[in-house]
Each structure stands twice: as C-alpha cells, then as structure tokens.
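Pasted below: structure18.csv, CSV, C-alpha atoms and all ligand atoms.
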```
chain,number,residue,atom,x,y,z
A,1,MET,CA,-11.5,31.9,31.9
A,2,ASP,CA,-13.7,29.1,33.3
A,3,ARG,CA,-13.8,25.7,31.7
A,4,GLU,CA,-17.2,26.1,30.1
A,5,ALA,CA,-16.2,29.4,28.6
A,6,VAL,CA,-13.1,27.8,27.0
A,7,VAL,CA,-15.4,25.1,25.4
A,8,ARG,CA,-17.8,27.8,24.2
A,9,ASP,CA,-15.0,29.8,22.8
A,10,TYR,CA,-13.5,26.8,21.0
A,11,LEU,CA,-16.9,25.8,19.5
A,12,GLN,CA,-17.3,29.3,18.2
A,13,LEU,CA,-13.9,29.2,16.6
A,14,ALA,CA,-15.0,26.0,14.8
A,15,ARG,CA,-18.3,27.5,13.8
A,16,ASP,CA,-16.5,30.6,12.4
A,17,ALA,CA,-14.3,28.2,10.3
A,18,ALA,CA,-17.4,26.3,9.1
A,19,ILE,CA,-16.2,23.1,10.9
A,20,GLN,CA,-18.7,20.9,12.7
A,21,ALA,CA,-17.6,20.4,16.3
A,22,VAL,CA,-18.8,18.5,19.4
A,23,ALA,CA,-17.2,18.7,22.8
A,24,LEU,CA,-16.8,15.3,24.5
A,25,SER,CA,-15.1,14.2,27.7
A,26,ALA,CA,-11.6,12.9,26.8
A,27,GLY,CA,-12.5,9.8,28.9
A,28,LYS,CA,-15.0,8.8,26.2
A,29,ILE,CA,-12.2,8.2,23.7
A,30,ARG,CA,-11.3,4.5,23.3
A,31,VAL,CA,-8.0,3.5,21.9
A,32,ARG,CA,-8.3,0.1,20.2
A,33,SER,CA,-5.6,-2.2,18.9
A,34,SER,CA,-8.0,-3.6,16.4
A,35,VAL,CA,-8.3,-0.1,14.7
A,36,ARG,CA,-4.5,0.3,14.6
A,37,MET,CA,-4.2,-3.2,13.2
A,38,LYS,CA,-6.1,-2.1,10.1
A,39,CYS,CA,-3.1,0.0,9.1
A,40,GLN,CA,-1.2,-3.3,8.6
A,41,ILE,CA,-3.9,-5.8,7.6
A,42,PRO,CA,-4.4,-5.4,4.7
A,43,LEU,CA,-1.3,-3.2,4.4
A,44,CYS,CA,-1.9,0.5,3.9
A,45,GLU,CA,0.3,2.2,1.3
A,46,HIS,CA,1.3,4.8,3.9
A,47,TYR,CA,2.4,2.3,6.6
A,48,GLY,CA,6.1,3.0,7.2
A,49,THR,CA,6.2,5.5,4.3
A,50,ASN,CA,4.5,8.5,5.8
A,51,ARG,CA,5.6,10.3,9.0
A,52,ALA,CA,2.1,10.7,10.2
A,53,CYS,CA,1.4,6.9,10.1
A,54,PRO,CA,2.4,3.8,12.1
A,55,PRO,CA,5.0,2.7,13.0
A,56,LEU,CA,6.4,6.3,13.0
A,57,ILE,CA,3.8,7.6,15.4
A,58,PRO,CA,3.5,6.9,19.2
A,59,GLU,CA,2.7,3.4,20.5
A,60,LEU,CA,-1.0,2.9,21.5
A,61,ALA,CA,0.0,2.2,25.1
A,62,THR,CA,1.8,5.6,25.3
A,63,PHE,CA,-1.1,7.4,23.7
A,64,ARG,CA,-3.7,5.7,25.9
A,65,GLU,CA,-1.7,6.8,29.0
A,66,ALA,CA,-1.2,10.3,27.7
A,67,LEU,CA,-4.9,10.8,27.1
A,68,GLN,CA,-5.6,10.4,30.8
A,69,ASP,CA,-4.1,13.9,31.2
A,70,TYR,CA,-6.7,15.5,28.9
A,71,GLU,CA,-10.1,16.7,29.9
A,72,TRP,CA,-11.8,17.5,26.5
A,73,ALA,CA,-11.8,15.8,23.1
A,74,PHE,CA,-13.5,17.9,20.4
A,75,LEU,CA,-14.8,15.9,17.5
A,76,LEU,CA,-14.3,17.9,14.3
A,77,GLY,CA,-16.0,17.3,11.0
A,78,LEU,CA,-16.2,18.5,7.4
A,79,VAL,CA,-18.7,17.2,4.9
A,80,VAL,CA,-18.0,17.7,1.2
A,81,SER,CA,-20.2,16.6,-1.7
A,82,ARG,CA,-18.4,13.9,-3.7
A,83,GLU,CA,-18.2,16.0,-6.9
A,84,ALA,CA,-16.6,18.9,-5.0
A,85,VAL,CA,-13.7,16.8,-3.6
A,86,ARG,CA,-10.4,17.9,-5.1
A,87,GLY,CA,-7.4,15.7,-4.2
A,88,HIS,CA,-6.6,16.0,-0.5
A,89,GLU,CA,-7.9,19.6,-0.1
A,90,PRO,CA,-10.5,18.6,2.6
A,91,GLU,CA,-7.9,16.7,4.7
A,92,LEU,CA,-5.6,19.7,4.5
A,93,ALA,CA,-8.3,22.2,5.4
A,94,LEU,CA,-9.1,20.2,8.5
A,95,ASP,CA,-5.4,19.8,9.3
A,96,ASP,CA,-5.0,23.6,8.9
A,97,PHE,CA,-7.9,24.0,11.4
A,98,VAL,CA,-6.2,21.6,13.8
A,99,CYS,CA,-3.0,23.8,13.5
A,100,ARG,CA,-5.1,26.8,14.3
A,101,SER,CA,-6.7,25.0,17.2
A,102,GLU,CA,-3.2,24.3,18.7
A,103,ASN,CA,-2.3,28.0,18.3
A,104,TRP,CA,-5.6,29.1,19.8
A,105,ALA,CA,-4.9,26.8,22.8
A,106,LEU,CA,-1.3,28.0,23.1
A,107,GLY,CA,-2.5,31.6,23.1
A,108,ARG,CA,-4.7,30.9,26.1
A,109,GLY,CA,-1.9,29.1,28.0
A,110,TYR,CA,-3.2,25.6,27.2
A,111,TYR,CA,0.2,24.6,25.6
A,112,TRP,CA,-0.7,20.9,25.9
A,113,GLY,CA,-3.5,21.0,23.3
A,114,PHE,CA,-2.9,18.8,20.2
A,115,GLY,CA,-4.9,17.3,17.4
A,116,LEU,CA,-5.3,14.4,15.0
A,117,THR,CA,-6.4,14.6,11.4
A,118,GLY,CA,-7.8,12.0,9.1
A,119,GLY,CA,-5.6,10.0,6.7
A,120,ALA,CA,-1.9,10.3,6.2
A,121,CYS,CA,0.0,13.7,5.9
A,122,TYR,CA,-0.6,15.1,2.4
A,123,ARG,CA,1.4,18.3,2.6
A,124,CYS,CA,4.1,17.1,0.2
A,125,PRO,CA,3.5,15.3,-3.1
A,126,ARG,CA,5.3,12.4,-1.4
A,127,CYS,CA,6.5,12.0,2.1
A,128,GLU,CA,10.3,11.6,2.0
A,129,ILE,CA,11.0,10.0,5.4
A,130,SER,CA,14.7,10.0,4.8
A,131,ARG,CA,14.8,13.8,4.6
A,132,PRO,CA,13.9,16.3,7.3
A,133,CYS,CA,10.2,17.2,7.3
A,134,PRO,CA,9.6,20.7,5.7
A,135,PHE,CA,6.5,21.2,7.9
A,136,PRO,CA,7.1,19.6,11.2
A,137,PHE,CA,4.5,21.7,13.0
A,138,ARG,CA,1.9,21.0,10.4
A,139,GLN,CA,1.5,17.3,10.3
A,140,HIS,CA,-0.7,15.1,12.6
A,141,PRO,CA,-1.4,11.4,12.9
A,142,SER,CA,-4.9,10.3,12.2
A,143,PRO,CA,-7.4,9.2,14.8
A,144,GLU,CA,-7.5,5.7,13.2
A,145,GLY,CA,-3.7,5.5,13.2
A,146,MET,CA,-3.9,6.2,17.0
A,147,GLY,CA,-6.5,3.4,17.4
A,148,ILE,CA,-9.7,5.5,17.5
A,149,ASP,CA,-12.7,4.3,15.6
A,150,ILE,CA,-13.7,7.8,14.4
A,151,THR,CA,-16.7,6.7,12.3
A,152,MET,CA,-18.2,4.9,15.3
A,153,LEU,CA,-17.5,8.0,17.5
A,154,ALA,CA,-19.2,10.3,15.0
A,155,ARG,CA,-22.2,8.0,14.8
A,156,GLU,CA,-22.4,7.9,18.6
A,157,VAL,CA,-22.7,11.7,18.8
A,158,GLY,CA,-25.6,11.5,16.2
A,159,TRP,CA,-23.8,12.5,13.0
A,160,ALA,CA,-25.2,10.6,10.0
A,161,VAL,CA,-22.1,9.2,8.4
A,162,ASP,CA,-22.0,7.5,5.0
A,163,TRP,CA,-19.2,5.0,5.2
A,164,PRO,CA,-18.2,4.0,2.6
A,165,PRO,CA,-19.0,7.4,1.0
A,166,LYS,CA,-22.1,7.9,-1.1
A,167,ASP,CA,-23.0,11.4,-2.4
A,168,ARG,CA,-21.1,13.1,0.5
A,169,VAL,CA,-17.6,12.4,1.9
A,170,HIS,CA,-17.1,12.9,5.7
A,171,TYR,CA,-13.7,14.0,7.0
A,172,PHE,CA,-12.9,13.9,10.7
A,173,ALA,CA,-10.3,15.2,13.2
A,174,LEU,CA,-10.0,15.4,16.9
A,175,PHE,CA,-8.6,18.1,19.1
A,176,PHE,CA,-7.6,17.3,22.7
A,177,LEU,CA,-7.4,19.9,25.5
B,1,LIG,S1,5.0,17.6,5.7
B,1,LIG,FE1,5.8,16.4,4.0
B,1,LIG,S2,7.6,15.3,4.9
B,1,LIG,FE2,6.4,16.2,6.6
B,1,LIG,S3,5.1,14.4,7.3
B,1,LIG,FE3,3.9,15.6,5.8
B,1,LIG,S4,4.2,14.7,3.8
B,1,LIG,FE4,5.8,13.9,5.2
```
What would you get if you wrote out this structure as structure tokens?
Amino acid sequence: MDREAVVRDYLQLARDAAIQAVALSAGKIRVRSSVRMKCQIPLCEHYGTNRACPPLIPELATFREALQDYEWAFLLGLVVSREAVRGHEPELALDDFVCRSENWALGRGYYWGFGLTGGACYRCPRCEISRPCPFPFRQHPSPEGMGIDITMLAREVGWAVDWPPKDRVHYFALFFL
C-alpha cells in the first residue's frame, strides 16, 4: 500500500469512529521542556503517582530522538459538550481509539506505530504504581507529558479550541506512524 493510501485509510478509520483527525508531518511536532515542566510546577497530582506521567515515562531527549524515525503524526480530537462529560469517559474513548490505531498499524506491518492520549491514565480508580499494571497495553502518556503543546498544535491546524473550556471540552491525542 502506498504512503498516501495508508494516510487515507487511517483518516477513514478515525472518521468511522467519529474522531477528528488531521495528518501532519512528524517533523512538525516540537518537544518542549517548558511544557513538561508544567507537570511539576505547580505540581500535578499525577506526577510520580500515575504510570502514564512523568517521571515514569521516557525522558524528553529520548522521545525527541525517537520521533526522528517517524513520518506521520496524526492529531486526533474529540469535542464533548460540557454537560455531557461523565468522569473520564472522553479520555478513555480516545485512548481506546489510540489502542485501535496501534492494532490497525500492526495489522498492516507498521509495528512501530504508537500513540499518546491526553491526561493521566484513568483505567483504574487509582493507579497503584507499586503493583503490576492490569492493562499494560492500554495506557499511554499524554502529549503534554511528552513536552508537546497540544493546544497550540490544534490551533495551528485551524481547530477552534476553547482553553480553558467554555461550553465544550476538547480532548486530544496523537498517533505516530
Ligand atoms: S491501567 Fe491502571 S495501573 Fe495501569 S497505568 Fe493505568 S491506572 Fe495505572
């Protein structure tokens, strides 16, 4: 399958799942220490207490270098009206789609595909980092945790993002191929 067909296929997968998606060159993704620093200053409750958050996720230098091996970054989005938000359902729905994306890529021989989903991992009521993770293949760090200003990126592609949220809440993820 040629590269453009892969992108078309993936965008269709996202459309079928009612997920907004834009294909970007992976080279457009900037990894900034200032964004990662916001996990610690002021201190986020998930810092060091959730496996999908710093300092339990890769160092930015490692991630920056690894991204050089990727061609595409798909920006994924979900918009939910504020009254319809129920707990962490939107984050988990996007994370489920990222898991599907990884399986979709694997099925086509692109075993290196991986994703990032907004926020911490919310699959358990509480992340018990002293015990084995019950869903090791279903948790992803966030773009922000990996130093990516996802709000700025979404605005750059022309999405109208209310941040802080007003009537609608925007949720974002990234999928790298
Ligand atoms: S699945 Fe549970 S234990 Fe694993 S990272 Fe997520 S919250 Fe933590």
Compute the set of protein, DNA and RNA residues whose minimum atom distance to ligand LIG 1 (chain B) is at most 9 Å, using all atoms listed in the file, and state it as a CSV table (one decimal) with C-alpha atoms, in the coordinates of the input.
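For reference, selection31.csv as written:
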```csv
chain,number,residue,atom,x,y,z
A,49,THR,CA,6.2,5.5,4.3
A,50,ASN,CA,4.5,8.5,5.8
A,51,ARG,CA,5.6,10.3,9.0
A,52,ALA,CA,2.1,10.7,10.2
A,53,CYS,CA,1.4,6.9,10.1
A,120,ALA,CA,-1.9,10.3,6.2
A,121,CYS,CA,0.0,13.7,5.9
A,122,TYR,CA,-0.6,15.1,2.4
A,123,ARG,CA,1.4,18.3,2.6
A,124,CYS,CA,4.1,17.1,0.2
A,125,PRO,CA,3.5,15.3,-3.1
A,126,ARG,CA,5.3,12.4,-1.4
A,127,CYS,CA,6.5,12.0,2.1
A,128,GLU,CA,10.3,11.6,2.0
A,129,ILE,CA,11.0,10.0,5.4
A,130,SER,CA,14.7,10.0,4.8
A,131,ARG,CA,14.8,13.8,4.6
A,132,PRO,CA,13.9,16.3,7.3
A,133,CYS,CA,10.2,17.2,7.3
A,134,PRO,CA,9.6,20.7,5.7
A,135,PHE,CA,6.5,21.2,7.9
A,136,PRO,CA,7.1,19.6,11.2
A,137,PHE,CA,4.5,21.7,13.0
A,138,ARG,CA,1.9,21.0,10.4
A,139,GLN,CA,1.5,17.3,10.3
A,140,HIS,CA,-0.7,15.1,12.6
```
Long-range neighbours of segment 21-34 of chain A as a PyMOL selection string, 10 Å cut-off, only C-alpha atoms, 6 positions minimum in chain: chain A and resi 7-8+10-15+41+60-61+63-64+67-78+143-150+153-154+157+172-177
Write the residues you've just listed into a file as a PDB file, in the frame of the given file, and include C-alpha atoms for each of them.
```
ATOM      1  CA  VAL A   7     -15.400  25.100  25.400  1.00  0.00           C
ATOM      2  CA  ARG A   8     -17.800  27.800  24.200  1.00  0.00           C
ATOM      3  CA  TYR A  10     -13.500  26.800  21.000  1.00  0.00           C
ATOM      4  CA  LEU A  11     -16.900  25.800  19.500  1.00  0.00           C
ATOM      5  CA  GLN A  12     -17.300  29.300  18.200  1.00  0.00           C
ATOM      6  CA  LEU A  13     -13.900  29.200  16.600  1.00  0.00           C
ATOM      7  CA  ALA A  14     -15.000  26.000  14.800  1.00  0.00           C
ATOM      8  CA  ARG A  15     -18.300  27.500  13.800  1.00  0.00           C
ATOM      9  CA  ILE A  41      -3.900  -5.800   7.600  1.00  0.00           C
ATOM     10  CA  LEU A  60      -1.000   2.900  21.500  1.00  0.00           C
ATOM     11  CA  ALA A  61       0.000   2.200  25.100  1.00  0.00           C
ATOM     12  CA  PHE A  63      -1.100   7.400  23.700  1.00  0.00           C
ATOM     13  CA  ARG A  64      -3.700   5.700  25.900  1.00  0.00           C
ATOM     14  CA  LEU A  67      -4.900  10.800  27.100  1.00  0.00           C
ATOM     15  CA  GLN A  68      -5.600  10.400  30.800  1.00  0.00           C
ATOM     16  CA  ASP A  69      -4.100  13.900  31.200  1.00  0.00           C
ATOM     17  CA  TYR A  70      -6.700  15.500  28.900  1.00  0.00           C
ATOM     18  CA  GLU A  71     -10.100  16.700  29.900  1.00  0.00           C
ATOM     19  CA  TRP A  72     -11.800  17.500  26.500  1.00  0.00           C
ATOM     20  CA  ALA A  73     -11.800  15.800  23.100  1.00  0.00           C
ATOM     21  CA  PHE A  74     -13.500  17.900  20.400  1.00  0.00           C
ATOM     22  CA  LEU A  75     -14.800  15.900  17.500  1.00  0.00           C
ATOM     23  CA  LEU A  76     -14.300  17.900  14.300  1.00  0.00           C
ATOM     24  CA  GLY A  77     -16.000  17.300  11.000  1.00  0.00           C
ATOM     25  CA  LEU A  78     -16.200  18.500   7.400  1.00  0.00           C
ATOM     26  CA  PRO A 143      -7.400   9.200  14.800  1.00  0.00           C
ATOM     27  CA  GLU A 144      -7.500   5.700  13.200  1.00  0.00           C
ATOM     28  CA  GLY A 145      -3.700   5.500  13.200  1.00  0.00           C
ATOM     29  CA  MET A 146      -3.900   6.200  17.000  1.00  0.00           C
ATOM     30  CA  GLY A 147      -6.500   3.400  17.400  1.00  0.00           C
ATOM     31  CA  ILE A 148      -9.700   5.500  17.500  1.00  0.00           C
ATOM     32  CA  ASP A 149     -12.700   4.300  15.600  1.00  0.00           C
ATOM     33  CA  ILE A 150     -13.700   7.800  14.400  1.00  0.00           C
ATOM     34  CA  LEU A 153     -17.500   8.000  17.500  1.00  0.00           C
ATOM     35  CA  ALA A 154     -19.200  10.300  15.000  1.00  0.00           C
ATOM     36  CA  VAL A 157     -22.700  11.700  18.800  1.00  0.00           C
ATOM     37  CA  PHE A 172     -12.900  13.900  10.700  1.00  0.00           C
ATOM     38  CA  ALA A 173     -10.300  15.200  13.200  1.00  0.00           C
ATOM     39  CA  LEU A 174     -10.000  15.400  16.900  1.00  0.00           C
ATOM     40  CA  PHE A 175      -8.600  18.100  19.100  1.00  0.00           C
ATOM     41  CA  PHE A 176      -7.600  17.300  22.700  1.00  0.00           C
ATOM     42  CA  LEU A 177      -7.400  19.900  25.500  1.00  0.00           C
TER      43      LEU A 177
END
```
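Atom pair atom CA of Phe114 of chain A / atom CA of Pro54 of chain A: separated by 17.9 Å.
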Output segment 39-58 of chain A as a CSV table (one decimal), in the frame of the given file, making sure N, CA and C atoms are there.
```csv
chain,number,residue,atom,x,y,z
A,39,CYS,N,-4.1,-0.7,9.9
A,39,CYS,CA,-3.1,0.0,9.1
A,39,CYS,C,-2.1,-1.0,8.4
A,40,GLN,N,-2.1,-2.2,9.0
A,40,GLN,CA,-1.2,-3.3,8.6
A,40,GLN,C,-1.9,-4.4,7.9
A,41,ILE,N,-3.2,-4.6,8.2
A,41,ILE,CA,-3.9,-5.8,7.6
A,41,ILE,C,-5.2,-5.3,7.1
A,42,PRO,N,-5.4,-5.2,5.7
A,42,PRO,CA,-4.4,-5.4,4.7
A,42,PRO,C,-3.5,-4.1,4.8
A,43,LEU,N,-2.3,-4.3,4.2
A,43,LEU,CA,-1.3,-3.2,4.4
A,43,LEU,C,-1.6,-1.9,3.7
A,44,CYS,N,-1.7,-0.8,4.4
A,44,CYS,CA,-1.9,0.5,3.9
A,44,CYS,C,-0.7,1.0,3.2
A,45,GLU,N,-0.8,1.7,2.1
A,45,GLU,CA,0.3,2.2,1.3
A,45,GLU,C,1.2,3.2,2.1
A,46,HIS,N,0.5,3.8,3.1
A,46,HIS,CA,1.3,4.8,3.9
A,46,HIS,C,2.0,4.2,5.1
A,47,TYR,N,1.8,2.9,5.4
A,47,TYR,CA,2.4,2.3,6.6
A,47,TYR,C,3.9,2.3,6.4
A,48,GLY,N,4.6,3.0,7.3
A,48,GLY,CA,6.1,3.0,7.2
A,48,GLY,C,6.6,4.0,6.1
A,49,THR,N,5.7,4.6,5.4
A,49,THR,CA,6.2,5.5,4.3
A,49,THR,C,5.8,6.9,4.5
A,50,ASN,N,5.0,7.2,5.5
A,50,ASN,CA,4.5,8.5,5.8
A,50,ASN,C,4.7,8.8,7.3
A,51,ARG,N,5.3,9.9,7.6
A,51,ARG,CA,5.6,10.3,9.0
A,51,ARG,C,4.4,10.3,9.9
A,52,ALA,N,3.3,10.6,9.3
A,52,ALA,CA,2.1,10.7,10.2
A,52,ALA,C,1.4,9.4,10.4
A,53,CYS,N,2.0,8.3,10.0
A,53,CYS,CA,1.4,6.9,10.1
A,53,CYS,C,2.3,6.0,10.9
A,54,PRO,N,1.6,4.9,11.4
A,54,PRO,CA,2.4,3.8,12.1
A,54,PRO,C,3.5,3.3,11.1
A,55,PRO,N,4.6,2.8,11.5
A,55,PRO,CA,5.0,2.7,13.0
A,55,PRO,C,5.8,4.0,13.4
A,56,LEU,N,5.6,5.1,12.7
A,56,LEU,CA,6.4,6.3,13.0
A,56,LEU,C,5.7,7.2,13.9
A,57,ILE,N,4.6,6.8,14.5
A,57,ILE,CA,3.8,7.6,15.4
A,57,ILE,C,3.8,6.9,16.8
A,58,PRO,N,3.4,7.6,17.9
A,58,PRO,CA,3.5,6.9,19.2
A,58,PRO,C,2.8,5.6,19.3
```
